[in-house]
Amino acid sequence: MTCENCCIELIGIEKSFGAQKVLRGVNLPIRRGFTTVIVGESGQGKSVLLKHILGLIAPDAGQVIVEGRDVTRLRRSELKELRTRFGVLFQGAALFDSLTVFDNIALPLRERTRMPAAEVREKVRATLELLDLSGSEDKYPAQLSGGMKKRVGLARALQLDPEILLFDEPTTGLDPVRSHEVYQMFHETQKKLGYTSIIVSHDIPKIFNLADYIALLHEGVIQICATPEELQRCEKPLVRAFVERVMGRMYSSEIEDLALAAGI
Amino acid sequence: MVEWLENLGAKALGILMEIGRAGVFLFWSVVGIFRPPFKIMPIIKQIHVIGATSFTVIFFTGAFVGMVLGLQGNYTLRMFGAEGALGSAVALSLVRELGPVLTGLMVTGRVGSSICAEVGIMRISEQIDALECMAIDPYRYLISPKVVASIISLPLLTAIFNIVGLMGGFLVGVRLLGGSEGAYLSTMKSSVMAADIRMCFIKSICFAILIVWICADRGYWVHKSRNGFGAEGVSRATTHAVVISSVAILVADYVITSLLLA
């Protein structure tokens with residue numbers, strides 16, 4: 001692995017769907033214990049990138065290194081073992097619609113561990129409480145609001161104590177209050193559990209408050225992967241255009257700050 | 001000309017890949033049966049879905065098929081003065097052919113379509129991806145219990161179909177049209193051999209595997225099919241699944257019959 005303190009590293013990932021080339025050589029290091037947010041316009045391949053990390057999609061070229069192992073070369077059983085370290089919150093939460101909230105959250109424990117039923121019940125109840133879902137355990141996903149679905153999705157993702165959590169657009173389709181709820185829940189759980197997280201999001205600039213690193217995906221490549229401060233001060237025209245578009249001109253470079261101060 | 005050949009080659013490769021993918025699908029579904037943790041409840045639930053809820057439709061289909069056989073058999077055999085052989089005709093038609101084939105076709109229509117739709121919806125709503133991400137084998141969790149349940153349910157449903165059909169034939173051929181009760185029962189008993197019963201169960205087990213294999217496979221790979229997105233993609237896959245597995249049952253019936261009679 002070329003990047004120290006990285007748990008995941010994408011090297012030269014290329015992927016096409018039919019004639020459409022979505023990823024054109026993506027390089028991205030994900031640092032352990034930090035939150036990396038992948039941003040970019042719709043259709044740039046952000047979710048596709050997440051699926052590469054999970055081994056759900058194989059790249060046409062390049063390597064996906066997770067904990068020192070190339071995901072693209074792993075056998076089925078090795079991939080399965082590696083996935084136990086991940087927790088994933090899908091865009092639509094991907095809850096099992098024929099199972100209740102309780103059964104959804106208990107599923108990974110029942111299927112992946114030999115935990116006795118009483119212990120499973122206890123652990124699920126504790127998570128329900130942590131995420132303010134008590135009283136909803138007997139409901140079906142169709143009876144939940146968008147924000148609750150996301151919380152149940154996160155509760156399920158947290159059951160096996162993952163080291164790495166992937167969030168695919170966690171606040172899409174939610175109103176500002178619910179989005180805030182999701183961010184707060186995310187912030188609290190990360191503080192308690194200390195996992196590495198990768199978030200794909202459209203919710204700019206709000207998501208910047210959570211990010212340790214921001215990666216901008218544009219035209220199939222990562223244009224920059226930097227801290228929010230570095231991103232705002234970056235002089236690269238494409239990055240500047242992006243920052244100004246999403247945040248306005250208040251985040252300007254030092255030169256502009258001086259110019260502004262001088263009243264020019 | 002070159003373009004035409006290229007298209008033909010691409011199509012042939014596509015079909016081969018699909019067959020290969022379906023083969024791998026069946027392999028992992030069968031392997032999943034023997035993989036721990038072994039859980040009985042999902043199998044019982046599937047036996048309820050595939051077997052118990054199909055009982056009514058199998059009962060009525062069997063009854064009316066038997067009654068029609070009794071009716072047709074009685075008139076046809078009377079032309080040759082052989083109405084005494086009605087029991088034998090009804091029993092052999094039912095046990096060897098109509099029982100397993102019609103049960104297979106009814107279950108395909110009733111359960112195969114729902115298996116395809118269920119798995120297809122799970123695929124397009126990322127529930128199968130979620131299973132994989134939780135390191136839960138989707139074959140073992142979703143498909144294997146259905147394979148086991150159908151292997152248990154279909155022979156039982158076929159047996160019910162046969163028994164109800166024989167009673168239907170008896171009702172029409174003997175009670176309504178005045179055939180000989182003793183002749184019906186004795187020819188039925190003497191003409192059906194153990195080999196016929198064996199053939200019946202071999203067929204129904206093969207059809208059980210075919211139905212779950214084809215229907216679940218079409219749902220599982222719905223996103224790989226052309227325009228396989230959304231509700232329309234799932235509905236198209238469901239239609240294909242029912243058509244393909246119905247035809248497959250008829251083809252398999254011919255192949256198994258020719259092999260076992262040889």
# chains A, B, ... in the order shown; residues from 1 in each chain; ligands from 1
>>> residues_around(residues="A:Lys46", least_positions_apart="4", cutoff="7 Å", atoms="only C-alpha atoms", output="ChimeraX atom specification")
/A:38,50,200
>>> write_last_selection(atoms="all heavy atoms", output="CSV table (one decimal), in the first residue's frame")
chain,number,residue,atom,x,y,z
A,38,ILE,N,-17.3,12.2,-0.7
A,38,ILE,CA,-17.2,12.2,-2.1
A,38,ILE,C,-18.3,13.1,-2.7
A,38,ILE,O,-19.5,12.8,-2.5
A,38,ILE,CB,-17.2,10.8,-2.8
A,38,ILE,CG1,-16.1,9.9,-2.1
A,38,ILE,CG2,-17.0,10.9,-4.3
A,38,ILE,CD1,-16.2,8.5,-2.5
A,50,LEU,N,-18.5,3.7,-4.8
A,50,LEU,CA,-18.8,2.9,-3.5
A,50,LEU,C,-19.0,1.4,-3.8
A,50,LEU,O,-18.4,0.6,-3.1
A,50,LEU,CB,-20.1,3.4,-2.9
A,50,LEU,CG,-20.1,4.7,-2.1
A,50,LEU,CD1,-21.3,4.8,-1.2
A,50,LEU,CD2,-18.9,4.8,-1.2
A,200,VAL,N,-21.1,9.6,0.3
A,200,VAL,CA,-21.4,10.2,-1.0
A,200,VAL,C,-22.5,11.1,-0.8
A,200,VAL,O,-23.5,10.7,-0.2
A,200,VAL,CB,-21.7,9.1,-2.0
A,200,VAL,CG1,-22.4,9.7,-3.2
A,200,VAL,CG2,-20.5,8.3,-2.4
>>> interface_residues(of="chain A", to="chain B", cutoff="10 Å", atoms="only C-alpha atoms", output="compact mmCIF listing (two decimals) with all heavy atoms, in the first residue's frame")
# COMPACT_ATOMS: atom_id res chain seq x y z
N LYS A 51 -19.66 1.11 -4.89
CA LYS A 51 -19.88 -0.31 -5.20
C LYS A 51 -18.57 -1.01 -5.55
O LYS A 51 -18.43 -2.21 -5.35
CB LYS A 51 -20.92 -0.45 -6.32
CG LYS A 51 -22.31 -0.07 -5.82
CD LYS A 51 -23.42 -0.44 -6.76
CE LYS A 51 -24.76 -0.17 -6.06
NZ LYS A 51 -25.91 -0.43 -6.87
N LEU A 54 -16.94 -1.97 -2.29
CA LEU A 54 -17.61 -3.13 -1.68
C LEU A 54 -17.43 -4.41 -2.48
O LEU A 54 -17.86 -5.48 -2.06
CB LEU A 54 -19.10 -2.84 -1.56
CG LEU A 54 -19.47 -1.80 -0.51
CD1 LEU A 54 -20.86 -1.27 -0.75
CD2 LEU A 54 -19.37 -2.41 0.87
N GLY A 55 -16.84 -4.29 -3.67
CA GLY A 55 -16.66 -5.48 -4.50
C GLY A 55 -17.94 -5.91 -5.19
O GLY A 55 -18.05 -7.03 -5.66
N LEU A 56 -18.94 -5.00 -5.24
CA LEU A 56 -20.20 -5.34 -5.92
C LEU A 56 -20.05 -5.16 -7.42
O LEU A 56 -20.80 -5.72 -8.21
CB LEU A 56 -21.35 -4.47 -5.40
CG LEU A 56 -21.78 -4.69 -3.96
CD1 LEU A 56 -22.80 -3.65 -3.53
CD2 LEU A 56 -22.37 -6.08 -3.77
N ARG A 76 -14.48 -15.50 -3.57
CA ARG A 76 -15.80 -15.22 -2.98
C ARG A 76 -15.77 -15.23 -1.45
O ARG A 76 -16.28 -14.34 -0.79
CB ARG A 76 -16.77 -16.31 -3.48
CG ARG A 76 -18.07 -15.80 -4.02
CD ARG A 76 -18.80 -16.95 -4.64
NE ARG A 76 -19.76 -17.52 -3.69
CZ ARG A 76 -21.04 -17.16 -3.62
NH1 ARG A 76 -21.50 -16.24 -4.42
NH2 ARG A 76 -21.84 -17.74 -2.76
N SER A 77 -15.09 -16.26 -0.91
CA SER A 77 -15.08 -16.41 0.55
C SER A 77 -14.26 -15.28 1.20
O SER A 77 -14.63 -14.79 2.27
CB SER A 77 -14.50 -17.78 0.93
OG SER A 77 -13.23 -17.93 0.35
N LEU A 79 -13.79 -12.29 -0.02
CA LEU A 79 -14.56 -11.06 -0.17
C LEU A 79 -15.64 -10.99 0.93
O LEU A 79 -15.86 -9.94 1.54
CB LEU A 79 -15.21 -11.04 -1.55
CG LEU A 79 -15.82 -9.73 -2.03
CD1 LEU A 79 -14.77 -8.64 -2.09
CD2 LEU A 79 -16.45 -9.90 -3.41
N LYS A 80 -16.24 -12.14 1.17
CA LYS A 80 -17.27 -12.21 2.19
C LYS A 80 -16.69 -11.85 3.56
O LYS A 80 -17.28 -11.09 4.32
CB LYS A 80 -17.82 -13.65 2.21
CG LYS A 80 -19.20 -13.76 2.79
CD LYS A 80 -19.72 -15.14 2.57
CE LYS A 80 -20.68 -15.51 3.67
NZ LYS A 80 -21.10 -16.89 3.63
N GLU A 81 -15.50 -12.39 3.81
CA GLU A 81 -14.83 -12.12 5.10
C GLU A 81 -14.52 -10.63 5.23
O GLU A 81 -14.73 -10.02 6.27
CB GLU A 81 -13.56 -12.98 5.15
CG GLU A 81 -12.93 -13.12 6.52
CD GLU A 81 -11.94 -12.00 6.80
OE1 GLU A 81 -11.20 -11.58 5.87
OE2 GLU A 81 -11.93 -11.54 7.93
N LEU A 82 -14.05 -10.05 4.11
CA LEU A 82 -13.67 -8.63 4.12
C LEU A 82 -14.90 -7.73 4.36
O LEU A 82 -14.82 -6.72 5.05
CB LEU A 82 -13.02 -8.27 2.78
CG LEU A 82 -12.31 -6.93 2.73
CD1 LEU A 82 -11.04 -6.97 3.56
CD2 LEU A 82 -11.97 -6.54 1.30
N ARG A 83 -16.02 -8.17 3.79
CA ARG A 83 -17.24 -7.35 3.90
C ARG A 83 -17.77 -7.27 5.32
O ARG A 83 -18.57 -6.39 5.64
CB ARG A 83 -18.33 -7.91 2.98
CG ARG A 83 -18.14 -7.48 1.54
CD ARG A 83 -19.21 -8.10 0.70
NE ARG A 83 -19.04 -7.78 -0.71
CZ ARG A 83 -19.47 -8.55 -1.68
NH1 ARG A 83 -20.08 -9.68 -1.41
NH2 ARG A 83 -19.30 -8.19 -2.93
N THR A 84 -17.35 -8.21 6.17
CA THR A 84 -17.82 -8.15 7.56
C THR A 84 -17.28 -6.90 8.24
O THR A 84 -17.78 -6.50 9.28
CB THR A 84 -17.37 -9.40 8.36
OG1 THR A 84 -15.95 -9.50 8.23
CG2 THR A 84 -18.02 -10.65 7.85
N ARG A 85 -16.24 -6.27 7.67
CA ARG A 85 -15.69 -5.05 8.27
C ARG A 85 -16.46 -3.81 7.85
O ARG A 85 -16.23 -2.72 8.34
CB ARG A 85 -14.24 -4.86 7.82
CG ARG A 85 -13.35 -5.99 8.28
CD ARG A 85 -12.01 -5.82 7.65
NE ARG A 85 -11.11 -6.85 8.11
CZ ARG A 85 -9.83 -6.69 8.27
NH1 ARG A 85 -9.28 -5.53 8.01
NH2 ARG A 85 -9.08 -7.68 8.68
N PHE A 86 -17.34 -3.97 6.85
CA PHE A 86 -18.07 -2.82 6.32
C PHE A 86 -19.48 -2.73 6.88
O PHE A 86 -20.12 -3.74 7.16
CB PHE A 86 -18.24 -2.94 4.80
CG PHE A 86 -16.98 -2.70 4.02
CD1 PHE A 86 -16.39 -3.72 3.30
CD2 PHE A 86 -16.40 -1.45 4.00
CE1 PHE A 86 -15.24 -3.50 2.57
CE2 PHE A 86 -15.25 -1.22 3.27
CZ PHE A 86 -14.67 -2.25 2.55
N GLY A 87 -19.94 -1.50 6.99
CA GLY A 87 -21.36 -1.27 7.21
C GLY A 87 -21.79 -0.33 6.09
O GLY A 87 -21.04 0.58 5.74
N VAL A 88 -22.96 -0.57 5.54
CA VAL A 88 -23.37 0.27 4.41
C VAL A 88 -24.77 0.83 4.65
O VAL A 88 -25.67 0.11 5.05
CB VAL A 88 -23.39 -0.55 3.09
CG1 VAL A 88 -23.66 0.36 1.90
CG2 VAL A 88 -22.11 -1.30 2.90
N LEU A 89 -24.91 2.11 4.41
CA LEU A 89 -26.24 2.72 4.41
C LEU A 89 -26.55 3.12 2.97
O LEU A 89 -25.93 4.03 2.42
CB LEU A 89 -26.27 3.94 5.33
CG LEU A 89 -27.60 4.69 5.38
CD1 LEU A 89 -28.73 3.78 5.82
CD2 LEU A 89 -27.52 5.87 6.32
N PHE A 90 -27.47 2.38 2.37
CA PHE A 90 -27.78 2.62 0.96
C PHE A 90 -28.64 3.87 0.77
O PHE A 90 -29.30 4.32 1.71
CB PHE A 90 -28.52 1.41 0.37
CG PHE A 90 -27.61 0.27 0.07
CD1 PHE A 90 -27.29 -0.65 1.03
CD2 PHE A 90 -27.05 0.14 -1.19
CE1 PHE A 90 -26.44 -1.71 0.76
CE2 PHE A 90 -26.20 -0.91 -1.47
CZ PHE A 90 -25.90 -1.84 -0.49
N GLN A 91 -28.63 4.35 -0.46
CA GLN A 91 -29.38 5.56 -0.81
C GLN A 91 -30.85 5.45 -0.38
O GLN A 91 -31.40 6.33 0.24
CB GLN A 91 -29.29 5.77 -2.31
CG GLN A 91 -29.57 7.18 -2.72
CD GLN A 91 -29.18 7.40 -4.17
OE1 GLN A 91 -28.54 6.57 -4.81
NE2 GLN A 91 -29.55 8.51 -4.71
N GLY A 92 -31.48 4.31 -0.74
CA GLY A 92 -32.89 4.13 -0.37
C GLY A 92 -33.02 3.30 0.90
O GLY A 92 -34.05 2.70 1.15
N ALA A 93 -31.97 3.20 1.68
CA ALA A 93 -31.87 2.43 2.93
C ALA A 93 -31.84 0.91 2.68
O ALA A 93 -31.28 0.17 3.48
CB ALA A 93 -32.95 2.79 3.94
N ALA A 94 -32.45 0.44 1.56
CA ALA A 94 -32.45 -0.99 1.20
C ALA A 94 -32.86 -1.90 2.36
O ALA A 94 -32.26 -2.93 2.59
CB ALA A 94 -31.08 -1.40 0.65
N LEU A 95 -33.91 -1.49 3.05
CA LEU A 95 -34.42 -2.35 4.13
C LEU A 95 -35.21 -3.50 3.51
O LEU A 95 -35.75 -3.36 2.42
CB LEU A 95 -35.34 -1.53 5.06
CG LEU A 95 -34.70 -0.33 5.73
CD1 LEU A 95 -35.74 0.43 6.54
CD2 LEU A 95 -33.54 -0.75 6.62
N PHE A 96 -35.26 -4.62 4.23
CA PHE A 96 -36.01 -5.77 3.72
C PHE A 96 -37.48 -5.53 3.98
O PHE A 96 -37.92 -5.52 5.15
CB PHE A 96 -35.51 -7.07 4.36
CG PHE A 96 -34.06 -7.27 4.10
CD1 PHE A 96 -33.12 -7.11 5.09
CD2 PHE A 96 -33.61 -7.54 2.81
CE1 PHE A 96 -31.78 -7.24 4.82
CE2 PHE A 96 -32.28 -7.67 2.54
CZ PHE A 96 -31.36 -7.52 3.54
N ASP A 97 -38.22 -5.30 2.91
CA ASP A 97 -39.59 -4.80 3.10
C ASP A 97 -40.56 -5.82 3.68
O ASP A 97 -41.63 -5.46 4.12
CB ASP A 97 -40.14 -4.17 1.82
CG ASP A 97 -39.79 -4.97 0.59
OD1 ASP A 97 -39.53 -6.17 0.76
OD2 ASP A 97 -39.77 -4.40 -0.52
N SER A 98 -40.18 -7.10 3.68
CA SER A 98 -41.09 -8.09 4.26
C SER A 98 -40.73 -8.39 5.72
O SER A 98 -41.34 -9.25 6.34
CB SER A 98 -41.08 -9.37 3.44
OG SER A 98 -39.76 -9.81 3.29
N LEU A 107 -31.18 -9.01 11.69
CA LEU A 107 -30.77 -9.96 10.64
C LEU A 107 -29.26 -10.25 10.61
O LEU A 107 -28.85 -11.41 10.61
CB LEU A 107 -31.25 -9.47 9.27
CG LEU A 107 -30.97 -10.45 8.14
CD1 LEU A 107 -31.92 -11.64 8.18
CD2 LEU A 107 -31.07 -9.78 6.79
N PRO A 108 -28.39 -9.19 10.59
CA PRO A 108 -26.96 -9.50 10.54
C PRO A 108 -26.48 -10.31 11.75
O PRO A 108 -25.62 -11.18 11.61
CB PRO A 108 -26.27 -8.13 10.52
CG PRO A 108 -27.33 -7.12 10.42
CD PRO A 108 -28.65 -7.75 10.56
N LEU A 109 -27.08 -10.05 12.92
CA LEU A 109 -26.67 -10.79 14.12
C LEU A 109 -27.13 -12.24 14.02
O LEU A 109 -26.39 -13.16 14.39
CB LEU A 109 -27.29 -10.15 15.38
CG LEU A 109 -26.84 -8.72 15.68
CD1 LEU A 109 -27.65 -8.15 16.82
CD2 LEU A 109 -25.36 -8.68 16.02
N ARG A 110 -28.34 -12.46 13.54
CA ARG A 110 -28.87 -13.82 13.44
C ARG A 110 -28.13 -14.64 12.38
O ARG A 110 -27.94 -15.83 12.53
CB ARG A 110 -30.36 -13.78 13.08
CG ARG A 110 -31.23 -13.34 14.24
CD ARG A 110 -32.66 -13.17 13.80
NE ARG A 110 -33.52 -12.77 14.91
CZ ARG A 110 -34.68 -12.20 14.75
NH1 ARG A 110 -35.16 -11.97 13.54
NH2 ARG A 110 -35.41 -11.86 15.79
N GLU A 111 -27.76 -13.97 11.30
CA GLU A 111 -27.15 -14.70 10.18
C GLU A 111 -25.63 -14.81 10.30
O GLU A 111 -25.04 -15.75 9.79
CB GLU A 111 -27.51 -14.02 8.86
CG GLU A 111 -28.96 -14.15 8.47
CD GLU A 111 -29.36 -15.58 8.12
OE1 GLU A 111 -28.55 -16.30 7.51
OE2 GLU A 111 -30.49 -15.98 8.48
N ARG A 112 -25.00 -13.81 10.91
CA ARG A 112 -23.54 -13.78 10.90
C ARG A 112 -22.91 -14.17 12.23
O ARG A 112 -21.71 -14.32 12.32
CB ARG A 112 -23.05 -12.37 10.51
CG ARG A 112 -23.44 -11.91 9.13
CD ARG A 112 -22.68 -12.63 8.04
NE ARG A 112 -21.26 -12.62 8.30
CZ ARG A 112 -20.44 -13.60 7.98
NH1 ARG A 112 -20.90 -14.67 7.39
NH2 ARG A 112 -19.16 -13.50 8.22
N THR A 113 -23.69 -14.25 13.28
CA THR A 113 -23.11 -14.60 14.58
C THR A 113 -23.89 -15.75 15.21
O THR A 113 -24.95 -16.12 14.72
CB THR A 113 -23.16 -13.41 15.57
OG1 THR A 113 -24.53 -13.15 15.88
CG2 THR A 113 -22.55 -12.15 14.98
N ARG A 114 -23.33 -16.28 16.28
CA ARG A 114 -24.04 -17.35 17.01
C ARG A 114 -24.65 -16.80 18.30
O ARG A 114 -24.83 -17.53 19.27
CB ARG A 114 -23.07 -18.48 17.34
CG ARG A 114 -22.61 -19.24 16.12
CD ARG A 114 -21.57 -20.27 16.50
NE ARG A 114 -21.04 -20.92 15.30
CZ ARG A 114 -21.61 -21.95 14.70
NH1 ARG A 114 -22.73 -22.43 15.17
NH2 ARG A 114 -21.07 -22.47 13.61
N GLY A 153 -31.70 1.89 8.68
CA GLY A 153 -30.59 1.45 7.83
C GLY A 153 -29.27 1.57 8.56
O GLY A 153 -28.43 0.67 8.52
N ARG A 156 -28.99 -1.04 11.35
CA ARG A 156 -28.63 -2.35 10.80
C ARG A 156 -27.15 -2.39 10.45
O ARG A 156 -26.45 -3.37 10.71
CB ARG A 156 -29.49 -2.63 9.55
CG ARG A 156 -29.33 -4.02 9.03
CD ARG A 156 -30.23 -4.28 7.85
NE ARG A 156 -29.85 -3.48 6.69
CZ ARG A 156 -30.52 -3.47 5.54
NH1 ARG A 156 -31.61 -4.18 5.43
NH2 ARG A 156 -30.11 -2.74 4.53
N ALA A 157 -26.67 -1.29 9.85
CA ALA A 157 -25.26 -1.24 9.44
C ALA A 157 -24.31 -1.28 10.65
O ALA A 157 -23.18 -1.74 10.53
CB ALA A 157 -25.01 0.03 8.62
N GLN A 159 -24.76 -3.02 13.48
CA GLN A 159 -24.90 -4.21 14.32
C GLN A 159 -23.62 -5.03 14.46
O GLN A 159 -23.33 -5.57 15.51
CB GLN A 159 -26.03 -5.12 13.80
CG GLN A 159 -27.40 -4.58 14.07
CD GLN A 159 -27.57 -4.13 15.50
OE1 GLN A 159 -27.51 -4.93 16.42
NE2 GLN A 159 -27.76 -2.84 15.71
N LEU A 160 -22.85 -5.15 13.38
CA LEU A 160 -21.67 -6.01 13.46
C LEU A 160 -20.41 -5.21 13.80
O LEU A 160 -19.30 -5.65 13.53
CB LEU A 160 -21.48 -6.79 12.15
CG LEU A 160 -22.60 -7.79 11.81
CD1 LEU A 160 -22.37 -8.41 10.45
CD2 LEU A 160 -22.68 -8.90 12.85
N PRO A 162 -18.90 -2.37 12.57
CA PRO A 162 -18.01 -2.24 11.41
C PRO A 162 -16.87 -1.25 11.67
O PRO A 162 -17.01 -0.32 12.46
CB PRO A 162 -18.93 -1.70 10.32
CG PRO A 162 -20.00 -0.97 11.05
CD PRO A 162 -20.20 -1.71 12.33
>>> residues_around(residues="A:Asp212", least_positions_apart="6", cutoff="10 Å", atoms="only C-alpha atoms", output="mmCIF file with N, CA, C and O atoms, in the first residue's frame")
data_model
loop_
_atom_site.group_PDB
_atom_site.id
_atom_site.type_symbol
_atom_site.label_atom_id
_atom_site.label_comp_id
_atom_site.auth_asym_id
_atom_site.auth_seq_id
_atom_site.Cartn_x
_atom_site.Cartn_y
_atom_site.Cartn_z
ATOM 1 N N ARG A 31 -8.474 7.680 4.506
ATOM 2 C CA ARG A 31 -7.662 7.584 5.727
ATOM 3 C C ARG A 31 -8.456 6.999 6.888
ATOM 4 O O ARG A 31 -9.626 7.331 7.078
ATOM 5 N N GLY A 33 -10.077 6.165 10.294
ATOM 6 C CA GLY A 33 -10.598 6.948 11.416
ATOM 7 C C GLY A 33 -11.149 8.310 11.032
ATOM 8 O O GLY A 33 -11.633 9.042 11.885
ATOM 9 N N PHE A 34 -11.055 8.663 9.741
ATOM 10 C CA PHE A 34 -11.546 9.972 9.309
ATOM 11 C C PHE A 34 -12.791 9.818 8.433
ATOM 12 O O PHE A 34 -13.111 8.732 7.968
ATOM 13 N N THR A 35 -13.416 10.971 8.191
ATOM 14 C CA THR A 35 -14.588 10.966 7.315
ATOM 15 C C THR A 35 -14.215 11.586 5.974
ATOM 16 O O THR A 35 -13.750 12.724 5.926
ATOM 17 N N THR A 36 -14.390 10.812 4.926
ATOM 18 C CA THR A 36 -14.121 11.327 3.588
ATOM 19 C C THR A 36 -15.451 11.473 2.865
ATOM 20 O O THR A 36 -16.235 10.521 2.812
ATOM 21 N N VAL A 37 -15.689 12.659 2.339
ATOM 22 C CA VAL A 37 -16.943 12.886 1.610
ATOM 23 C C VAL A 37 -16.637 12.974 0.117
ATOM 24 O O VAL A 37 -15.738 13.721 -0.289
ATOM 25 N N SER A 197 -15.359 6.623 7.850
ATOM 26 C CA SER A 197 -16.578 6.690 7.051
ATOM 27 C C SER A 197 -16.341 7.342 5.697
ATOM 28 O O SER A 197 -15.471 8.211 5.555
ATOM 29 N N ALA A 226 -8.972 16.753 -0.433
ATOM 30 C CA ALA A 226 -8.304 17.627 0.522
ATOM 31 C C ALA A 226 -9.243 17.950 1.672
ATOM 32 O O ALA A 226 -10.430 17.605 1.633
ATOM 33 N N THR A 227 -8.693 18.638 2.685
ATOM 34 C CA THR A 227 -9.555 19.063 3.801
ATOM 35 C C THR A 227 -10.470 20.183 3.291
ATOM 36 O O THR A 227 -10.156 20.820 2.282
ATOM 37 N N PRO A 228 -11.582 20.456 3.979
ATOM 38 C CA PRO A 228 -12.482 21.517 3.505
ATOM 39 C C PRO A 228 -11.762 22.854 3.338
ATOM 40 O O PRO A 228 -12.006 23.588 2.377
ATOM 41 N N GLU A 229 -10.833 23.162 4.250
ATOM 42 C CA GLU A 229 -10.103 24.436 4.156
ATOM 43 C C GLU A 229 -9.246 24.471 2.905
ATOM 44 O O GLU A 229 -9.238 25.453 2.157
#
>>> select_by_dssp(residues="stretch 2-216 of chain A", states="alpha helix (DSSP H)", output="ChimeraX atom specification")
/A:46-53,76-83,101-112,117-130,146-158,176-193
>>> residues_around(residues="B:Leu26", least_positions_apart="2", cutoff="10 Å", atoms="only C-alpha atoms", output="ChimeraX atom specification")
/B:20-24,28-32,139,143-144,147,209-210,212-214,216-217
>>> residues_around(residues="stretch 186-189 of chain B", least_positions_apart="3", cutoff="8 Å", atoms="only C-alpha atoms", output="list in words")
Gly84, Ala85, Leu86, Gly87, Ser88, Ala89, Val90, Ala91, Leu92, Gly182, Ala183 and Val192 of chain B
>>> select_by_dssp(residues="stretch 1-246 of chain A", states="strand (DSSP E)", output="MDAnalysis selection string")
chainID A and resid 6:17 20:31 35:39 61:66 69:70 86:89 164:168 196:200 213:218 221:226
